[in-house]
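**Student:** File input04.pdb follows (PDB, C-alpha atoms):
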ATOM      1  CA  MET A  11      13.812  -4.777 -16.859
ATOM      2  CA  ALA A  12      12.465  -8.083 -15.567
ATOM      3  CA  THR A  13      15.427  -9.449 -13.610
ATOM      4  CA  LEU A  14      17.905  -7.648 -11.393
ATOM      5  CA  THR A  15      21.609  -8.345 -11.686
ATOM      6  CA  PRO A  16      24.400  -7.809  -9.141
ATOM      7  CA  GLN A  17      25.443  -4.863 -11.303
ATOM      8  CA  ASP A  18      22.037  -3.237 -10.746
ATOM      9  CA  ILE A  19      22.520  -3.415  -6.986
ATOM     10  CA  ASP A  20      26.073  -2.119  -7.285
ATOM     11  CA  ARG A  21      24.795   0.838  -9.295
ATOM     12  CA  ILE A  22      22.152   1.659  -6.684
ATOM     13  CA  VAL A  23      24.737   1.616  -3.894
ATOM     14  CA  SER A  24      27.165   3.720  -5.937
ATOM     15  CA  ILE A  25      24.546   6.404  -6.651
ATOM     16  CA  ARG A  26      23.576   6.520  -2.986
ATOM     17  CA  ALA A  27      27.213   6.846  -1.887
ATOM     18  CA  GLU A  28      28.587   9.108  -4.606
ATOM     19  CA  ASN A  29      25.719  11.013  -6.241
ATOM     20  CA  PRO A  30      22.645  11.074  -3.943
ATOM     21  CA  GLU A  31      21.333  14.279  -5.499
ATOM     22  CA  GLN A  32      20.536  12.213  -8.610
ATOM     23  CA  LEU A  33      17.504  10.782  -6.815
ATOM     24  CA  ALA A  34      15.726  14.142  -6.809
ATOM     25  CA  GLU A  35      16.593  14.568 -10.475
ATOM     26  CA  LEU A  36      15.161  11.160 -11.332
ATOM     27  CA  ALA A  37      11.928  11.937  -9.488
ATOM     28  CA  ALA A  38      11.607  15.324 -11.200
ATOM     29  CA  THR A  39      12.164  13.975 -14.704
ATOM     30  CA  ARG A  40      10.297  10.658 -14.617
ATOM     31  CA  ARG A  41       7.359  10.269 -16.964
ATOM     32  CA  GLN A  42       4.120  10.897 -15.067
ATOM     33  CA  PRO A  43       1.056   8.628 -15.207
ATOM     34  CA  THR A  44      -1.982   9.961 -17.024
ATOM     35  CA  GLY A  45      -4.184   9.800 -13.915
ATOM     36  CA  LEU A  46      -5.707   7.443 -11.354
ATOM     37  CA  VAL A  47      -7.952   5.501 -13.707
ATOM     38  CA  GLY A  48      -5.629   2.568 -14.394
ATOM     39  CA  GLN A  49      -5.046   0.461 -17.469
ATOM     40  CA  THR A  50      -8.102  -1.734 -16.773
ATOM     41  CA  GLY A  51     -10.276   1.201 -15.717
ATOM     42  CA  ARG A  52      -9.263   0.651 -12.102
ATOM     43  CA  LEU A  53      -5.939   0.981 -10.319
ATOM     44  CA  LEU A  54      -3.763  -2.009  -9.544
ATOM     45  CA  LEU A  55      -0.901  -1.133  -7.209
ATOM     46  CA  VAL A  56       1.723  -3.376  -5.657
ATOM     47  CA  ALA A  57       2.338  -2.689  -1.955
ATOM     48  CA  ALA A  58       5.926  -2.815  -0.730
ATOM     49  CA  ASP A  59       5.950  -0.802   2.486
ATOM     50  CA  HIS A  60       5.984  -3.758   4.885
ATOM     51  CA  PRO A  61       9.755  -3.886   5.644
ATOM     52  CA  ALA A  62       9.866  -0.367   7.121
ATOM     53  CA  ARG A  63       7.436  -1.530   9.816
ATOM     54  CA  GLY A  64       9.489  -4.645  10.495
ATOM     55  CA  ALA A  65       6.853  -6.891   8.891
ATOM     56  CA  LEU A  66       8.929  -9.234   6.733
ATOM     57  CA  ARG A  67       6.862 -12.418   6.737
ATOM     58  CA  ALA A  68       5.095 -13.827   3.681
ATOM     59  CA  GLY A  69       3.346 -17.133   4.219
ATOM     60  CA  ALA A  70       5.599 -19.462   6.201
ATOM     61  CA  ASN A  71       8.793 -17.530   5.414
ATOM     62  CA  ALA A  72       9.526 -15.166   8.311
ATOM     63  CA  LEU A  73      12.181 -13.259   6.344
ATOM     64  CA  ALA A  74      10.631 -13.327   2.872
ATOM     65  CA  MET A  75      10.818  -9.543   2.441
ATOM     66  CA  GLY A  76      14.177  -9.235   4.196
ATOM     67  CA  ASP A  77      16.377  -9.787   1.124
ATOM     68  CA  ARG A  78      16.300  -6.413  -0.627
ATOM     69  CA  ALA A  79      17.663  -7.592  -3.966
ATOM     70  CA  GLU A  80      15.098 -10.398  -4.100
ATOM     71  CA  LEU A  81      12.279  -8.072  -3.055
ATOM     72  CA  LEU A  82      13.229  -5.456  -5.644
ATOM     73  CA  SER A  83      13.458  -8.119  -8.328
ATOM     74  CA  ARG A  84       9.931  -9.292  -7.537
ATOM     75  CA  ILE A  85       8.546  -5.741  -7.467
ATOM     76  CA  VAL A  86      10.119  -4.983 -10.835
ATOM     77  CA  ARG A  87       8.656  -8.178 -12.276
ATOM     78  CA  VAL A  88       5.202  -7.170 -11.048
ATOM     79  CA  LEU A  89       5.526  -3.600 -12.364
ATOM     80  CA  ASP A  90       6.658  -4.970 -15.722
ATOM     81  CA  ARG A  91       3.376  -6.853 -16.298
ATOM     82  CA  PRO A  92       0.605  -5.263 -18.387
ATOM     83  CA  GLY A  93      -2.198  -3.908 -16.217
ATOM     84  CA  VAL A  94      -0.082  -3.031 -13.180
ATOM     85  CA  ASP A  95      -0.351   0.710 -12.620
ATOM     86  CA  GLY A  96       2.104   1.492  -9.856
ATOM     87  CA  VAL A  97       3.520   0.952  -6.421
ATOM     88  CA  LEU A  98       2.994   1.877  -2.787
ATOM     89  CA  GLY A  99       6.182   2.057  -0.750
ATOM     90  CA  THR A 100       8.523   3.866   1.592
ATOM     91  CA  ALA A 101      11.240   6.199   0.335
ATOM     92  CA  ASP A 102      14.016   3.605   0.434
ATOM     93  CA  ILE A 103      12.146   1.257  -1.902
ATOM     94  CA  ILE A 104      10.753   4.031  -4.105
ATOM     95  CA  ASP A 105      14.273   5.472  -4.476
ATOM     96  CA  ASP A 106      15.639   2.051  -5.447
ATOM     97  CA  LEU A 107      12.907   1.679  -8.067
ATOM     98  CA  LEU A 108      13.640   5.165  -9.413
ATOM     99  CA  MET A 109      17.272   4.214  -9.911
ATOM    100  CA  LEU A 110      16.187   1.036 -11.678
ATOM    101  CA  GLY A 111      13.989   3.019 -14.067
ATOM    102  CA  ALA A 112      10.945   1.028 -12.984
ATOM    103  CA  LEU A 113       8.633   3.971 -12.220
ATOM    104  CA  GLU A 114       8.271   5.572 -15.643
ATOM    105  CA  GLY A 115       4.580   6.342 -16.165
ATOM    106  CA  LYS A 116       3.649   4.633 -12.901
ATOM    107  CA  VAL A 117       1.419   5.804 -10.065
ATOM    108  CA  VAL A 118       3.524   6.217  -6.919
ATOM    109  CA  ILE A 119       1.951   6.317  -3.463
ATOM    110  CA  GLY A 120       4.295   7.191  -0.611
ATOM    111  CA  SER A 121       3.855   5.326   2.681
ATOM    112  CA  MET A 122       3.741   7.825   5.531
ATOM    113  CA  ASN A 123       3.401   6.247   8.997
ATOM    114  CA  ARG A 124       5.620   3.249   9.669
ATOM    115  CA  GLY A 125       6.432   3.969  13.318
ATOM    116  CA  GLY A 126       4.058   1.358  14.738
ATOM    117  CA  LEU A 127       6.610  -1.417  14.420
ATOM    118  CA  ALA A 128       5.143  -4.906  14.235
ATOM    119  CA  GLY A 129       5.186  -6.801  17.504
ATOM    120  CA  THR A 130       6.067  -3.854  19.757
ATOM    121  CA  VAL A 131       4.270  -2.503  22.821
ATOM    122  CA  PHE A 132       3.972   0.854  21.013
ATOM    123  CA  GLU A 133       2.525  -0.566  17.792
ATOM    124  CA  ILE A 134      -0.713   1.453  17.943
ATOM    125  CA  ASP A 135       1.287   4.681  18.404
ATOM    126  CA  ASP A 136       1.890   4.733  14.673
ATOM    127  CA  ARG A 137       4.196   7.717  14.195
ATOM    128  CA  PHE A 138       4.705   9.335  10.805
ATOM    129  CA  THR A 139       8.293   8.287  10.122
ATOM    130  CA  GLY A 140       8.073   8.016   6.325
ATOM    131  CA  TYR A 141       6.944  10.471   3.665
ATOM    132  CA  ASP A 142       5.126  13.697   4.504
ATOM    133  CA  ALA A 143       2.696  15.536   2.228
ATOM    134  CA  ALA A 144       5.251  18.131   1.116
ATOM    135  CA  SER A 145       7.832  15.540   0.053
ATOM    136  CA  ILE A 146       5.207  13.524  -1.831
ATOM    137  CA  ALA A 147       4.064  16.598  -3.764
ATOM    138  CA  ARG A 148       7.609  17.825  -4.356
ATOM    139  CA  SER A 149       8.618  14.465  -5.836
ATOM    140  CA  GLY A 150       5.646  14.422  -8.202
ATOM    141  CA  TYR A 151       4.050  11.373  -6.595
ATOM    142  CA  GLN A 152       0.327  10.744  -6.730
ATOM    143  CA  GLY A 153      -0.566  10.290  -3.084
ATOM    144  CA  GLY A 154       0.241   9.255   0.448
ATOM    145  CA  LYS A 155      -0.946   6.233   2.367
ATOM    146  CA  MET A 156      -1.448   5.921   6.113
ATOM    147  CA  LEU A 157      -2.337   3.011   8.405
ATOM    148  CA  PHE A 158      -5.014   3.971  10.951
ATOM    149  CA  ARG A 159      -5.645   1.343  13.629
ATOM    150  CA  ILE A 160      -8.213   2.025  16.344
ATOM    151  CA  ASP A 161      -7.659   0.059  19.549
ATOM    152  CA  PRO A 162     -10.455   0.982  21.979
ATOM    153  CA  SER A 163      -8.295  -0.115  24.925
ATOM    154  CA  ASP A 164      -5.055   1.622  23.901
ATOM    155  CA  PRO A 165      -4.736   5.308  24.883
ATOM    156  CA  ALA A 166      -2.227   5.840  22.069
ATOM    157  CA  THR A 167      -5.043   5.611  19.500
ATOM    158  CA  PRO A 168      -6.099   9.307  19.612
ATOM    159  CA  ALA A 169      -2.559  10.495  18.822
ATOM    160  CA  THR A 170      -2.442   8.302  15.723
ATOM    161  CA  MET A 171      -5.934   9.473  14.757
ATOM    162  CA  GLN A 172      -4.907  13.121  15.058
ATOM    163  CA  ALA A 173      -1.734  12.530  13.040
ATOM    164  CA  CYS A 174      -3.737  10.801  10.292
ATOM    165  CA  ALA A 175      -6.247  13.660  10.216
ATOM    166  CA  ASP A 176      -3.407  16.169   9.879
ATOM    167  CA  ALA A 177      -1.879  14.129   7.043
ATOM    168  CA  VAL A 178      -5.195  13.876   5.174
ATOM    169  CA  GLY A 179      -5.552  17.654   5.377
ATOM    170  CA  ALA A 180      -1.981  18.298   4.271
ATOM    171  CA  LEU A 181      -2.281  15.966   1.277
ATOM    172  CA  ALA A 182      -5.525  17.678   0.264
ATOM    173  CA  GLU A 183      -3.782  21.037   0.326
ATOM    174  CA  HIS A 184      -1.354  19.639  -2.254
ATOM    175  CA  ARG A 185      -4.263  18.088  -4.203
ATOM    176  CA  VAL A 186      -2.936  14.548  -4.053
ATOM    177  CA  MET A 187      -4.656  11.383  -2.868
ATOM    178  CA  ALA A 188      -4.821  10.494   0.828
ATOM    179  CA  MET A 189      -5.134   6.695   1.046
ATOM    180  CA  VAL A 190      -6.335   5.721   4.532
ATOM    181  CA  GLU A 191      -6.169   2.078   5.646
ATOM    182  CA  PRO A 192      -8.345   1.740   8.785
ATOM    183  CA  PHE A 193      -8.880  -1.146  11.201
ATOM    184  CA  ILE A 194     -10.462  -1.801  14.559
ATOM    185  CA  SER A 195      -7.678  -3.614  16.409
ATOM    186  CA  HIS A 196      -7.027  -5.270  19.731
ATOM    187  CA  ARG A 197      -4.314  -7.256  21.481
ATOM    188  CA  ASP A 198      -4.742 -11.005  21.833
ATOM    189  CA  GLU A 199      -3.905 -13.115  24.888
ATOM    190  CA  VAL A 200      -0.166 -12.926  24.173
ATOM    191  CA  GLY A 201      -0.177  -9.200  23.445
ATOM    192  CA  ARG A 202      -0.056  -9.251  19.634
ATOM    193  CA  ILE A 203      -2.116  -6.749  17.644
ATOM    194  CA  ARG A 204      -4.960  -8.408  15.758
ATOM    195  CA  ASN A 205      -7.257  -6.634  13.313
ATOM    196  CA  ASP A 206     -10.980  -7.285  13.703
ATOM    197  CA  LEU A 207     -12.193  -8.361  10.259
ATOM    198  CA  SER A 208     -15.850  -8.694  11.138
ATOM    199  CA  THR A 209     -18.214  -6.785   8.886
ATOM    200  CA  GLU A 210     -19.311  -4.545  11.754
ATOM    201  CA  ALA A 211     -15.734  -3.610  12.692
ATOM    202  CA  VAL A 212     -14.726  -2.810   9.111
ATOM    203  CA  VAL A 213     -17.817  -0.627   8.637
ATOM    204  CA  ARG A 214     -17.030   1.233  11.860
ATOM    205  CA  SER A 215     -13.386   1.790  10.940
ATOM    206  CA  ALA A 216     -14.326   2.959   7.427
ATOM    207  CA  THR A 217     -16.817   5.516   8.678
ATOM    208  CA  VAL A 218     -14.376   6.937  11.220
ATOM    209  CA  ALA A 219     -11.584   7.138   8.632
ATOM    210  CA  ALA A 220     -13.853   8.879   6.116
ATOM    211  CA  GLY A 221     -14.466  11.699   8.589
ATOM    212  CA  LEU A 222     -10.810  12.607   9.159
ATOM    213  CA  ALA A 223      -9.684  16.195   8.441
ATOM    214  CA  SER A 224     -11.601  19.241   7.209
ATOM    215  CA  THR A 225     -12.110  17.845   3.700
ATOM    216  CA  SER A 226     -12.599  14.409   2.186
ATOM    217  CA  ALA A 227     -12.093  15.631  -1.384
ATOM    218  CA  TYR A 228      -8.892  13.676  -1.899
ATOM    219  CA  THR A 229      -9.495  10.775   0.509
ATOM    220  CA  TRP A 230      -9.617   7.168  -0.668
ATOM    221  CA  LEU A 231     -10.145   4.190   1.650
ATOM    222  CA  LYS A 232      -8.065   1.025   1.529
ATOM    223  CA  LEU A 233     -10.293  -1.719   2.942
ATOM    224  CA  PRO A 234      -9.923  -5.471   3.530
ATOM    225  CA  VAL A 235     -12.200  -7.905   1.729
ATOM    226  CA  VAL A 236     -14.469  -9.445   4.366
ATOM    227  CA  GLU A 237     -17.813 -11.213   4.591
ATOM    228  CA  ARG A 238     -20.821  -9.102   3.599
ATOM    229  CA  MET A 239     -18.564  -6.757   1.665
ATOM    230  CA  ASP A 240     -21.661  -5.173   0.178
ATOM    231  CA  VAL A 241     -22.532  -3.832   3.631
ATOM    232  CA  VAL A 242     -19.013  -2.428   4.024
ATOM    233  CA  LEU A 243     -19.081  -0.679   0.654
ATOM    234  CA  ALA A 244     -22.546   0.734   1.341
ATOM    235  CA  ALA A 245     -21.088   2.600   4.325
ATOM    236  CA  THR A 246     -19.137   5.140   2.250
ATOM    237  CA  THR A 247     -19.224   7.242  -0.897
ATOM    238  CA  LEU A 248     -15.431   7.560  -0.954
ATOM    239  CA  PRO A 249     -13.412   5.708  -3.608
ATOM    240  CA  VAL A 250     -12.254   2.346  -2.251
ATOM    241  CA  VAL A 251      -9.241   0.238  -3.104
ATOM    242  CA  LEU A 252      -9.253  -3.329  -1.880
ATOM    243  CA  LEU A 253      -6.502  -4.583   0.400
ATOM    244  CA  GLY A 254      -4.949  -7.775  -0.924
ATOM    245  CA  GLY A 255      -3.952  -8.976   2.550
ATOM    246  CA  GLU A 256      -1.865 -11.908   3.655
ATOM    247  CA  VAL A 257      -0.702 -14.710   1.387
ATOM    248  CA  SER A 258      -3.534 -17.262   1.287
ATOM    249  CA  ASP A 259      -3.097 -21.017   1.025
ATOM    250  CA  ASP A 260      -6.306 -21.078  -1.041
ATOM    251  CA  GLN A 261      -5.548 -18.615  -3.809
ATOM    252  CA  ASP A 262      -8.670 -19.558  -5.793
ATOM    253  CA  ALA A 263     -10.921 -18.660  -2.858
ATOM    254  CA  GLN A 264      -9.020 -15.412  -2.340
ATOM    255  CA  PHE A 265      -9.423 -14.448  -5.995
ATOM    256  CA  ALA A 266     -13.140 -15.309  -5.883
ATOM    257  CA  ALA A 267     -13.652 -12.966  -2.919
ATOM    258  CA  TRP A 268     -11.742 -10.192  -4.683
ATOM    259  CA  SER A 269     -13.735 -10.653  -7.886
ATOM    260  CA  LYS A 270     -17.043 -10.402  -6.047
ATOM    261  CA  ALA A 271     -15.991  -7.190  -4.283
ATOM    262  CA  LEU A 272     -14.738  -5.655  -7.526
ATOM    263  CA  ALA A 273     -18.298  -5.728  -8.876
ATOM    264  CA  SER A 274     -19.122  -2.660  -6.755
ATOM    265  CA  PRO A 275     -18.865   0.679  -8.603
ATOM    266  CA  ASN A 276     -17.106   2.480  -5.748
ATOM    267  CA  VAL A 277     -14.266  -0.037  -5.772
ATOM    268  CA  ARG A 278     -11.705   1.833  -7.851
ATOM    269  CA  GLY A 279      -8.883  -0.669  -7.654
ATOM    270  CA  MET A 280      -6.713  -2.962  -5.570
ATOM    271  CA  VAL A 281      -3.509  -2.667  -3.579
ATOM    272  CA  VAL A 282      -1.864  -6.067  -3.316
ATOM    273  CA  GLY A 283       1.490  -6.836  -1.744
ATOM    274  CA  ARG A 284       2.609 -10.239  -0.578
ATOM    275  CA  SER A 285      -0.115 -12.114  -2.472
ATOM    276  CA  LEU A 286       1.455 -10.935  -5.738
ATOM    277  CA  LEU A 287       5.084 -10.756  -4.654
ATOM    278  CA  PHE A 288       5.136 -14.133  -2.885
ATOM    279  CA  PRO A 289       2.224 -16.226  -4.253
ATOM    280  CA  PRO A 290       1.857 -19.761  -2.836
ATOM    281  CA  ASP A 291       2.986 -21.414  -6.076
ATOM    282  CA  GLY A 292       5.891 -18.998  -6.555
ATOM    283  CA  ASN A 293       4.663 -17.847  -9.968
ATOM    284  CA  VAL A 294       4.640 -14.056  -9.705
ATOM    285  CA  GLU A 295       3.644 -13.428 -13.309
ATOM    286  CA  SER A 296       0.722 -15.862 -13.163
ATOM    287  CA  ALA A 297      -0.628 -14.281  -9.968
ATOM    288  CA  VAL A 298      -0.371 -10.805 -11.478
ATOM    289  CA  ASP A 299      -1.982 -11.760 -14.765
ATOM    290  CA  ALA A 300      -4.908 -13.472 -12.997
ATOM    291  CA  THR A 301      -5.475 -10.355 -10.902
ATOM    292  CA  VAL A 302      -5.312  -8.060 -13.933
ATOM    293  CA  GLU A 303      -7.836 -10.245 -15.787
ATOM    294  CA  MET A 304     -10.154 -10.059 -12.792
ATOM    295  CA  MET A 305      -9.788  -6.271 -12.572
ATOM    296  CA  GLY A 306     -10.819  -5.838 -16.191
ATOM    297  CA  SER A 307     -13.788  -8.173 -16.115
TER     298      SER A 307
END
Here is a file; write its structure as structure tokens.

**Tutor:**
Amino acid sequence: MATLTPQDIDRIVSIRAENPEQLAELAATRRQPTGLVGQTGRLLLVAADHPARGALRAGANALAMGDRAELLSRIVRVLDRPGVDGVLGTADIIDDLLMLGALEGKVVIGSMNRGGLAGTVFEIDDRFTGYDAASIARSGYQGGKMLFRIDPSDPATPATMQACADAVGALAEHRVMAMVEPFISHRDEVGRIRNDLSTEAVVRSATVAAGLASTSAYTWLKLPVVERMDVVLAATTLPVVLLGGEVSDDQDAQFAAWSKALASPNVRGMVVGRSLLFPPDGNVESAVDATVEMMGS
């Protein structure tokens, strides 16, 4: 299925209203992926958990991810391309994709903490309002992802850190991946959260995230691509997936930075959201295919 129709949306709404128990059946019977290796030897996942945190912008469009039918259509188009291994999302989007039959044989990573709504005074207090470890395991999904932002000046940081540590431990008990996305963050002069993308800050956040919980056996790190990425990757022995990040005006430069980082052996894949779903030129398939080619090189 490459294009959604109004009938597809009608069917989703009808199942939700009249037969919601079908969702559990679809999760239980879907064809499982063969593992976390990926079609190119490394995982390529599309990220679609932004709306649940109120982050709808892509490029200059403040509401790009606000039209659910359009967003689902783009996700399905990405998942339909050779080399794309799965999706990272919240339950509402994962459930929609289940009903569309788009998750057969795909890796599914459930997004766990979406309570730190974008632009709020409580953004660092990132509560676990999405999936928990038990629901991820029960649904047959391959892992859970959490956002872990460390603001040295915000006293809410330790609560988020403790919650992330608990989630890493719970996922390990179920023997599924814990994908931790860490940042050192601060508020700018107008009070907006900004992530520090200096090499030193990313190294610090990665080392703190790697030490969460009583085991790191199932922990993967989701890290941004920054300058001196070799220094960042030298800071950990955990598997790393690269964060695609914001839509870039210079897609060639963005791809070049990704390609360089992918040369490291502990980079086991990429998780890309808006850069694939809303590329600057609007060509979703071309953006996906270029990324897949890079992953396999």

**Student:** Write out as a list in words which residues come within 6 Å of region 194-206 of chain A when counting all atoms listed in the file, dropping same-chain ones fewer than 4 positions away.

**Tutor:** Arg159, Ile160, Asp161, Ala211 and Ser215 of chain A

**Student:** Where does the PyMOL selection byres ((chain A and resi 275-283) around 6) land in this file, that is, which residues does it pick, as a list of chain:residue names?

**Tutor:**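 Applying the expression gives A:Arg52, A:Leu53, A:Leu54, A:Leu55, A:Val56, A:Ala57, A:Pro249, A:Val250, A:Val251, A:Leu252, A:Leu253, A:Gly254, A:Leu272, A:Ser274, A:Arg284, A:Ser285, A:Leu286.
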
**Student:** Rank nothing, just name the residue among A:Ala177, A:Met189, A:Ala68, A:Ala216 nearest to Trp230 (chain A), using only C-alpha atoms.

**Tutor:**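 Going through A:Ala177, A:Met189, A:Ala68, A:Ala216 one by one, the smallest distance to Trp230 (chain A) is for A:Met189.
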
**Student:** Taking all atoms listed in the file into account, name the residue in A:Val294, A:Met304, A:Leu98, A:Ala79 that is nearest to Ile146 (chain A).

**Tutor:**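 With all atoms listed in the file as the atom set, the closest residue is A:Leu98.
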
**Student:** Taking the file above as input, evaluate the PyMOL selection byres ((chain A and resi 291) around 12) and report the hits as a PDB file with C-alpha atoms, in the frame of the given file.

**Tutor:**
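After the write, result00.pdb holds the following:
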ATOM      1  CA  GLY A  69       3.346 -17.133   4.219  1.00  0.00           C
ATOM      2  CA  VAL A 257      -0.702 -14.710   1.387  1.00  0.00           C
ATOM      3  CA  SER A 258      -3.534 -17.262   1.287  1.00  0.00           C
ATOM      4  CA  ASP A 259      -3.097 -21.017   1.025  1.00  0.00           C
ATOM      5  CA  ASP A 260      -6.306 -21.078  -1.041  1.00  0.00           C
ATOM      6  CA  GLN A 261      -5.548 -18.615  -3.809  1.00  0.00           C
ATOM      7  CA  ASP A 262      -8.670 -19.558  -5.793  1.00  0.00           C
ATOM      8  CA  SER A 285      -0.115 -12.114  -2.472  1.00  0.00           C
ATOM      9  CA  LEU A 286       1.455 -10.935  -5.738  1.00  0.00           C
ATOM     10  CA  LEU A 287       5.084 -10.756  -4.654  1.00  0.00           C
ATOM     11  CA  PHE A 288       5.136 -14.133  -2.885  1.00  0.00           C
ATOM     12  CA  PRO A 289       2.224 -16.226  -4.253  1.00  0.00           C
ATOM     13  CA  PRO A 290       1.857 -19.761  -2.836  1.00  0.00           C
ATOM     14  CA  GLY A 292       5.891 -18.998  -6.555  1.00  0.00           C
ATOM     15  CA  ASN A 293       4.663 -17.847  -9.968  1.00  0.00           C
ATOM     16  CA  VAL A 294       4.640 -14.056  -9.705  1.00  0.00           C
ATOM     17  CA  GLU A 295       3.644 -13.428 -13.309  1.00  0.00           C
ATOM     18  CA  SER A 296       0.722 -15.862 -13.163  1.00  0.00           C
ATOM     19  CA  ALA A 297      -0.628 -14.281  -9.968  1.00  0.00           C
TER      20      ALA A 297
END

**Student:** Excluding Gly153 (chain A) and its own-chain neighbours fewer than 5 positions away, which residues fall within 6 Å of it when counting all atoms listed in the file? Please give them as a PyMOL selection string.

**Tutor:** chain A and resi 119+186-188

**Student:** Save out the residues we just selected, C-alpha atoms, as a compact mmCIF listing (two decimals), in the frame of the given file.

**Tutor:**
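As written to disk, out-v6.txt reads:
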# COMPACT_ATOMS: atom_id res chain seq x y z
CA ILE A 119 1.95 6.32 -3.46
CA VAL A 186 -2.94 14.55 -4.05
CA MET A 187 -4.66 11.38 -2.87
CA ALA A 188 -4.82 10.49 0.83

**Student:** Out of A:Glu183, A:Asp164, A:Asp20, A:Glu114, which residue has the shortest atom-to-atom distance to Leu36 (chain A) when counting all atoms listed in the file?

**Tutor:**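 Under the stated criterion, the closest residue is A:Glu114.
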
**Student:** Using the chain letters and numbers from the file, which residues does the PyMOL selection byres ((chain A and resi 124) around 8) grab, as a ChimeraX atom specification?

**Tutor:** /A:62-63,121-123,125-127,136-140

**Student:** Could you give me the centre and size, in Å to one decimal, of an axis-aligned box around all listed atoms of region 89-99 of chain A with 5 Å added on every side, as JSON?

**Tutor:**
{"center_x": 2.2, "center_y": -2.4, "center_z": -9.6, "size_x": 18.9, "size_y": 18.9, "size_z": 27.6}

**Student:** Calculate how many Å separate CA of Arg40 (chain A) from CA of Tyr228 (chain A), rounding to one decimal.

**Tutor:**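 Computing it gives 23.2 Å between the two atoms.
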
**Student:** Expressed in Å to a single decimal, how great is the separation between CA of Glu191 (chain A) and CA of Lys155 (chain A)?

**Tutor:**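 We find that CA of Glu191 (chain A) and CA of Lys155 (chain A) lie 7.4 Å from each other.
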
**Student:** Return the single residue from A:Met75, A:Met239, A:Ala245, A:Val117 that is closest to Ala273 (chain A), with distances computed using only C-alpha atoms.

**Tutor:**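 Among A:Met75, A:Met239, A:Ala245, A:Val117, it is A:Met239 that comes nearest to Ala273 (chain A).
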
**Student:** Residues within 10 Å of Ala34 (chain A), please, as a VMD selection string. Count all atoms listed in the file; anything in the same chain fewer than 3 positions from it doesn't count.

**Tutor:** chain A and resid 30 to 31 37 to 39 105 108 148 to 149

**Student:** Write the residues you've just listed into a file as a PDB file, in the coordinates of the input, and include C-alpha atoms for each of them.

**Tutor:**
ATOM      1  CA  PRO A  30      22.645  11.074  -3.943  1.00  0.00           C
ATOM      2  CA  GLU A  31      21.333  14.279  -5.499  1.00  0.00           C
ATOM      3  CA  ALA A  37      11.928  11.937  -9.488  1.00  0.00           C
ATOM      4  CA  ALA A  38      11.607  15.324 -11.200  1.00  0.00           C
ATOM      5  CA  THR A  39      12.164  13.975 -14.704  1.00  0.00           C
ATOM      6  CA  ASP A 105      14.273   5.472  -4.476  1.00  0.00           C
ATOM      7  CA  LEU A 108      13.640   5.165  -9.413  1.00  0.00           C
ATOM      8  CA  ARG A 148       7.609  17.825  -4.356  1.00  0.00           C
ATOM      9  CA  SER A 149       8.618  14.465  -5.836  1.00  0.00           C
TER      10      SER A 149
END

**Student:** Which residue is closest to Ala219 (chain A)? Choose from A:Val236, A:Arg185, A:Phe158, A:Val242 and count all atoms listed in the file.

**Tutor:** A:Phe158

**Student:** Just give me the gap between CA of Ala173 (chain A) and CA of Gln42 (chain A) in Å, one decimal is fine.

**Tutor:** 28.8 Å

**Student:** Taking into account all atoms listed in the file, which residue in the set A:Met109, A:Arg87, A:Ile104, A:Gly45 is nearest to Asp18 (chain A)?

**Tutor:** A:Met109

**Student:** If you count all atoms listed in the file, which residues fall within 10 Å of Asp90 (chain A), apart from same-chain ones fewer than 4 positions away, as a PyMOL selection string?

**Tutor:** chain A and resi 11-12+84-86+94-96+112-113+295

**Student:** Since fewer atoms than expected are present, regenerate N, CA and C atoms for region 114-122 of chain A and write them as a JSON list (two decimals), keeping the file's coordinate frame.

**Tutor:**
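Output contents, as saved in selection-v5.json:
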[["chain", "number", "residue", "atom", "x", "y", "z"],
["A", 114, "GLU", "N", 8.69, 4.73, -14.53],
["A", 114, "GLU", "CA", 8.27, 5.57, -15.64],
["A", 114, "GLU", "C", 6.79, 5.35, -15.95],
["A", 115, "GLY", "N", 6.01, 6.43, -15.87],
["A", 115, "GLY", "CA", 4.58, 6.34, -16.16],
["A", 115, "GLY", "C", 3.76, 5.65, -15.10],
["A", 116, "LYS", "N", 4.34, 5.38, -13.94],
["A", 116, "LYS", "CA", 3.65, 4.63, -12.90],
["A", 116, "LYS", "C", 3.08, 5.56, -11.82],
["A", 117, "VAL", "N", 1.97, 5.14, -11.24],
["A", 117, "VAL", "CA", 1.42, 5.80, -10.06],
["A", 117, "VAL", "C", 2.29, 5.45, -8.87],
["A", 118, "VAL", "N", 2.69, 6.45, -8.10],
["A", 118, "VAL", "CA", 3.52, 6.22, -6.92],
["A", 118, "VAL", "C", 2.80, 6.78, -5.70],
["A", 119, "ILE", "N", 2.58, 5.92, -4.72],
["A", 119, "ILE", "CA", 1.95, 6.32, -3.46],
["A", 119, "ILE", "C", 2.99, 6.14, -2.36],
["A", 120, "GLY", "N", 3.30, 7.24, -1.67],
["A", 120, "GLY", "CA", 4.30, 7.19, -0.61],
["A", 120, "GLY", "C", 3.69, 6.76, 0.71],
["A", 121, "SER", "N", 4.33, 5.81, 1.38],
["A", 121, "SER", "CA", 3.86, 5.33, 2.68],
["A", 121, "SER", "C", 4.35, 6.26, 3.78],
["A", 122, "MET", "N", 3.45, 6.72, 4.63],
["A", 122, "MET", "CA", 3.74, 7.82, 5.53],
["A", 122, "MET", "C", 4.03, 7.41, 6.98]]
